[in-house]
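Visitor: Handing you a structure now.
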Amino acid sequence: MDIERLTDDTPWTAAFGYCRALRVGDRILVSGTTASDERGRPTAPDAESQTRAILQRICAAVEALAPGAVVVRTRVYLTHGNEWRGAGVAHREVFGDAPPVNTTVEVGGLVGEGLLVEVEAEAVVLS
């Protein structure tokens, strides 16, 4: 079975030696993703807008590997648990009537100053 990898230009992928997303058969796995620019700085000021930017990046990665694939799982990591409402608003807006299963947890911190949210995802390619 072939593995197709998608890379990006964030400093995290180069520093840690991983790819943004990969496709194995009908599964697409997306690495933990933050709302950061090419220097690792936040591209949005709050958890809601960071989550929205992250999910757009994730959906673009999934689409690049398999147009029409469906995100079926997300894991949301928040540095401040009380930010869950804002993150939830963005999550609901992005996925609308086709929400994936989700786990949301509070973590002690993320790599990168000002990063409030990190999301990883899984998608499937429908026949």
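All residue names refer to the structure tokens as shown: chains lettered A, B, ... in order, residues numbered from 1 in each chain, ligands numbered from 1 in order.
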Apply DSSP to the structure's backbone, then extract all residues of stretch 60-92 of chain A labelled alpha helix (DSSP H) and return them as a JSON list (two decimals) with C-alpha atoms, in the first residue's frame.
Guide:
[["chain", "number", "residue", "atom", "x", "y", "z"],
["A", 60, "ALA", "CA", -7.17, 22.19, 2.77],
["A", 61, "ALA", "CA", -4.63, 19.44, 3.54],
["A", 62, "VAL", "CA", -7.33, 16.76, 3.39],
["A", 63, "GLU", "CA", -8.65, 18.18, 0.12],
["A", 64, "ALA", "CA", -5.15, 18.24, -1.36],
["A", 65, "LEU", "CA", -4.69, 14.54, -0.64],
["A", 84, "TRP", "CA", -13.71, 25.80, 24.72],
["A", 85, "ARG", "CA", -16.74, 27.89, 23.75],
["A", 86, "GLY", "CA", -14.84, 29.95, 21.19],
["A", 87, "ALA", "CA", -13.11, 26.89, 19.80],
["A", 88, "GLY", "CA", -16.48, 25.14, 19.68],
["A", 89, "VAL", "CA", -18.09, 27.98, 17.73],
["A", 90, "ALA", "CA", -15.40, 27.75, 15.05],
["A", 91, "HIS", "CA", -15.56, 23.94, 14.98],
["A", 92, "ARG", "CA", -19.35, 24.01, 14.54]]
Visitor: Mind checking which residues fall within 10 Å of stretch 20-30 of chain A, counting only C-alpha atoms, ignoring those fewer than 2 positions away in the same chain, and posting them as a PDB file with C-alpha atoms, in the first residue's frame?
Guide:
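Ended up saving to around.pdb:
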ATOM      1  CA  MET A   1       0.000   0.000   0.000  1.00  0.00           C
ATOM      2  CA  ASP A   2       1.366   3.415  -0.971  1.00  0.00           C
ATOM      3  CA  ILE A   3       1.705   6.342   1.420  1.00  0.00           C
ATOM      4  CA  GLU A   4       1.259   9.864   0.076  1.00  0.00           C
ATOM      5  CA  ARG A   5       2.660  12.704   2.208  1.00  0.00           C
ATOM      6  CA  LEU A   6       1.840  16.411   2.240  1.00  0.00           C
ATOM      7  CA  THR A   7       4.387  18.849   3.642  1.00  0.00           C
ATOM      8  CA  ASP A   8       4.145  22.551   4.481  1.00  0.00           C
ATOM      9  CA  ASP A   9       6.358  25.491   5.360  1.00  0.00           C
ATOM     10  CA  THR A  10       5.894  25.788   9.113  1.00  0.00           C
ATOM     11  CA  TRP A  12       7.519  22.847  13.296  1.00  0.00           C
ATOM     12  CA  THR A  13       7.448  20.297  10.467  1.00  0.00           C
ATOM     13  CA  TYR A  18       7.080  15.188  10.285  1.00  0.00           C
ATOM     14  CA  GLY A  32      -1.342  18.508  15.158  1.00  0.00           C
ATOM     15  CA  THR A  33      -1.924  21.871  13.499  1.00  0.00           C
ATOM     16  CA  ARG A  57      -5.649  24.512   7.077  1.00  0.00           C
ATOM     17  CA  ILE A  58      -6.650  20.948   7.996  1.00  0.00           C
ATOM     18  CA  CYS A  59      -9.507  20.857   5.480  1.00  0.00           C
ATOM     19  CA  ALA A  61      -4.635  19.437   3.544  1.00  0.00           C
ATOM     20  CA  VAL A  62      -7.328  16.758   3.389  1.00  0.00           C
ATOM     21  CA  GLU A  63      -8.653  18.183   0.124  1.00  0.00           C
ATOM     22  CA  ALA A  64      -5.150  18.240  -1.364  1.00  0.00           C
ATOM     23  CA  LEU A  65      -4.686  14.535  -0.637  1.00  0.00           C
ATOM     24  CA  ALA A  66      -8.183  13.400  -1.613  1.00  0.00           C
ATOM     25  CA  ALA A  69     -12.673  13.126   1.681  1.00  0.00           C
ATOM     26  CA  VAL A  70     -14.559  13.630   4.930  1.00  0.00           C
ATOM     27  CA  VAL A  71     -13.061  14.621   8.287  1.00  0.00           C
ATOM     28  CA  VAL A  72     -14.368  12.038  10.767  1.00  0.00           C
ATOM     29  CA  ARG A  73     -12.361  12.827  13.929  1.00  0.00           C
ATOM     30  CA  THR A  74     -10.806  15.881  15.520  1.00  0.00           C
ATOM     31  CA  VAL A 119      -5.969  20.339  16.410  1.00  0.00           C
ATOM     32  CA  GLU A 120      -5.240  16.984  14.836  1.00  0.00           C
ATOM     33  CA  ALA A 121      -7.651  15.204  12.545  1.00  0.00           C
ATOM     34  CA  GLU A 122      -8.486  12.036  10.681  1.00  0.00           C
ATOM     35  CA  ALA A 123     -10.419  11.795   7.452  1.00  0.00           C
ATOM     36  CA  VAL A 124     -11.690   9.024   5.204  1.00  0.00           C
ATOM     37  CA  VAL A 125     -11.940   8.793   1.463  1.00  0.00           C
ATOM     38  CA  LEU A 126     -15.428   7.739   0.489  1.00  0.00           C
ATOM     39  CA  SER A 127     -15.872   5.518  -2.555  1.00  0.00           C
TER      40      SER A 127
END
Visitor: Show me, as a JSON list (two decimals) with N, CA and C atoms, in the first residue's frame, the residues that have an atom within 9 Å of A:Leu116 when counting only C-alpha atoms, minus same-chain residues fewer than 6 positions from it.
Guide:
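Full text of out-v9.json as output:
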[["chain", "number", "residue", "atom", "x", "y", "z"],
["A", 34, "THR", "N", -1.44, 24.13, 14.21],
["A", 34, "THR", "CA", -1.69, 25.38, 14.92],
["A", 34, "THR", "C", -1.93, 26.50, 13.91],
["A", 35, "ALA", "N", -2.40, 27.62, 14.40],
["A", 35, "ALA", "CA", -2.60, 28.80, 13.56],
["A", 35, "ALA", "C", -1.31, 29.62, 13.62],
["A", 42, "PRO", "N", 1.69, 33.16, 16.02],
["A", 42, "PRO", "CA", 0.24, 33.02, 15.84],
["A", 42, "PRO", "C", -0.28, 33.92, 14.73],
["A", 45, "PRO", "N", -5.52, 36.09, 17.12],
["A", 45, "PRO", "CA", -5.31, 36.47, 18.51],
["A", 45, "PRO", "C", -6.03, 35.66, 19.57],
["A", 46, "ASP", "N", -7.08, 34.94, 19.20],
["A", 46, "ASP", "CA", -7.89, 34.26, 20.22],
["A", 46, "ASP", "C", -8.20, 32.83, 19.79],
["A", 47, "ALA", "N", -8.71, 32.05, 20.73],
["A", 47, "ALA", "CA", -8.94, 30.62, 20.48],
["A", 47, "ALA", "C", -9.95, 30.38, 19.35],
["A", 50, "GLN", "N", -8.17, 31.27, 16.05],
["A", 50, "GLN", "CA", -7.11, 30.28, 15.82],
["A", 50, "GLN", "C", -7.71, 28.96, 15.38],
["A", 51, "THR", "N", -8.78, 28.52, 16.04],
["A", 51, "THR", "CA", -9.42, 27.25, 15.68],
["A", 51, "THR", "C", -9.95, 27.30, 14.25],
["A", 77, "TYR", "N", -6.78, 20.57, 21.34],
["A", 77, "TYR", "CA", -5.99, 20.81, 22.54],
["A", 77, "TYR", "C", -6.01, 22.31, 22.83],
["A", 78, "LEU", "N", -6.49, 22.68, 24.01],
["A", 78, "LEU", "CA", -6.59, 24.08, 24.42],
["A", 78, "LEU", "C", -5.66, 24.36, 25.58],
["A", 79, "THR", "N", -4.98, 25.50, 25.54],
["A", 79, "THR", "CA", -4.11, 25.87, 26.66],
["A", 79, "THR", "C", -4.91, 26.43, 27.83],
["A", 80, "HIS", "N", -6.12, 26.88, 27.55],
["A", 80, "HIS", "CA", -7.01, 27.39, 28.60],
["A", 80, "HIS", "C", -8.37, 26.74, 28.39],
["A", 83, "GLU", "N", -11.56, 28.39, 27.15],
["A", 83, "GLU", "CA", -11.65, 28.84, 25.75],
["A", 83, "GLU", "C", -12.46, 27.86, 24.89],
["A", 109, "GLY", "N", 0.39, 23.53, 27.90],
["A", 109, "GLY", "CA", 0.98, 24.51, 26.99],
["A", 109, "GLY", "C", 1.25, 23.90, 25.64],
["A", 110, "LEU", "N", 1.52, 24.77, 24.68],
["A", 110, "LEU", "CA", 1.86, 24.34, 23.33],
["A", 110, "LEU", "C", 3.24, 24.90, 22.99]]
Visitor: Pull the strand (DSSP E) assignments for chain A out of DSSP run on the backbone, and list those residues as a ChimeraX atom specification.
Guide: /A:3-6,21-24,27-33,70-78,101-106,117-124
Visitor: Find the residue from A:Glu106, A:Glu118, A:Glu113, A:Glu48 that sits nearest to A:Val94; use only C-alpha atoms when measuring.
Guide: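 Checking each of A:Glu106, A:Glu118, A:Glu113, A:Glu48 against A:Val94, counting only C-alpha atoms, the winner is A:Glu48.
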Visitor: So that I can see what lies close to A:Ala15, please list as a JSON list (two decimals) with N, CA and C atoms, in the first residue's frame the residues with an atom at most 12 Å from it, counting only C-alpha atoms and leaving out residues fewer than 4 positions away in the same chain.
Guide:
[["chain", "number", "residue", "atom", "x", "y", "z"],
["A", 9, "ASP", "N", 5.20, 24.64, 5.09],
["A", 9, "ASP", "CA", 6.36, 25.49, 5.36],
["A", 9, "ASP", "C", 6.44, 26.00, 6.80],
["A", 10, "THR", "N", 5.77, 25.33, 7.73],
["A", 10, "THR", "CA", 5.89, 25.79, 9.11],
["A", 10, "THR", "C", 7.23, 25.33, 9.69],
["A", 11, "PRO", "N", 7.76, 26.07, 10.65],
["A", 11, "PRO", "CA", 9.03, 25.66, 11.24],
["A", 11, "PRO", "C", 8.91, 24.36, 12.03],
["A", 19, "CYS", "N", 5.35, 15.29, 8.59],
["A", 19, "CYS", "CA", 4.61, 15.90, 7.49],
["A", 19, "CYS", "C", 3.28, 16.42, 8.03],
["A", 39, "ARG", "N", 7.11, 31.53, 10.54],
["A", 39, "ARG", "CA", 8.07, 31.74, 11.63],
["A", 39, "ARG", "C", 7.58, 31.16, 12.96],
["A", 40, "GLY", "N", 6.40, 30.56, 12.93],
["A", 40, "GLY", "CA", 5.86, 29.96, 14.15],
["A", 40, "GLY", "C", 5.05, 30.91, 15.01],
["A", 111, "VAL", "N", 3.90, 24.29, 22.03],
["A", 111, "VAL", "CA", 5.20, 24.78, 21.58],
["A", 111, "VAL", "C", 4.95, 26.00, 20.71]]
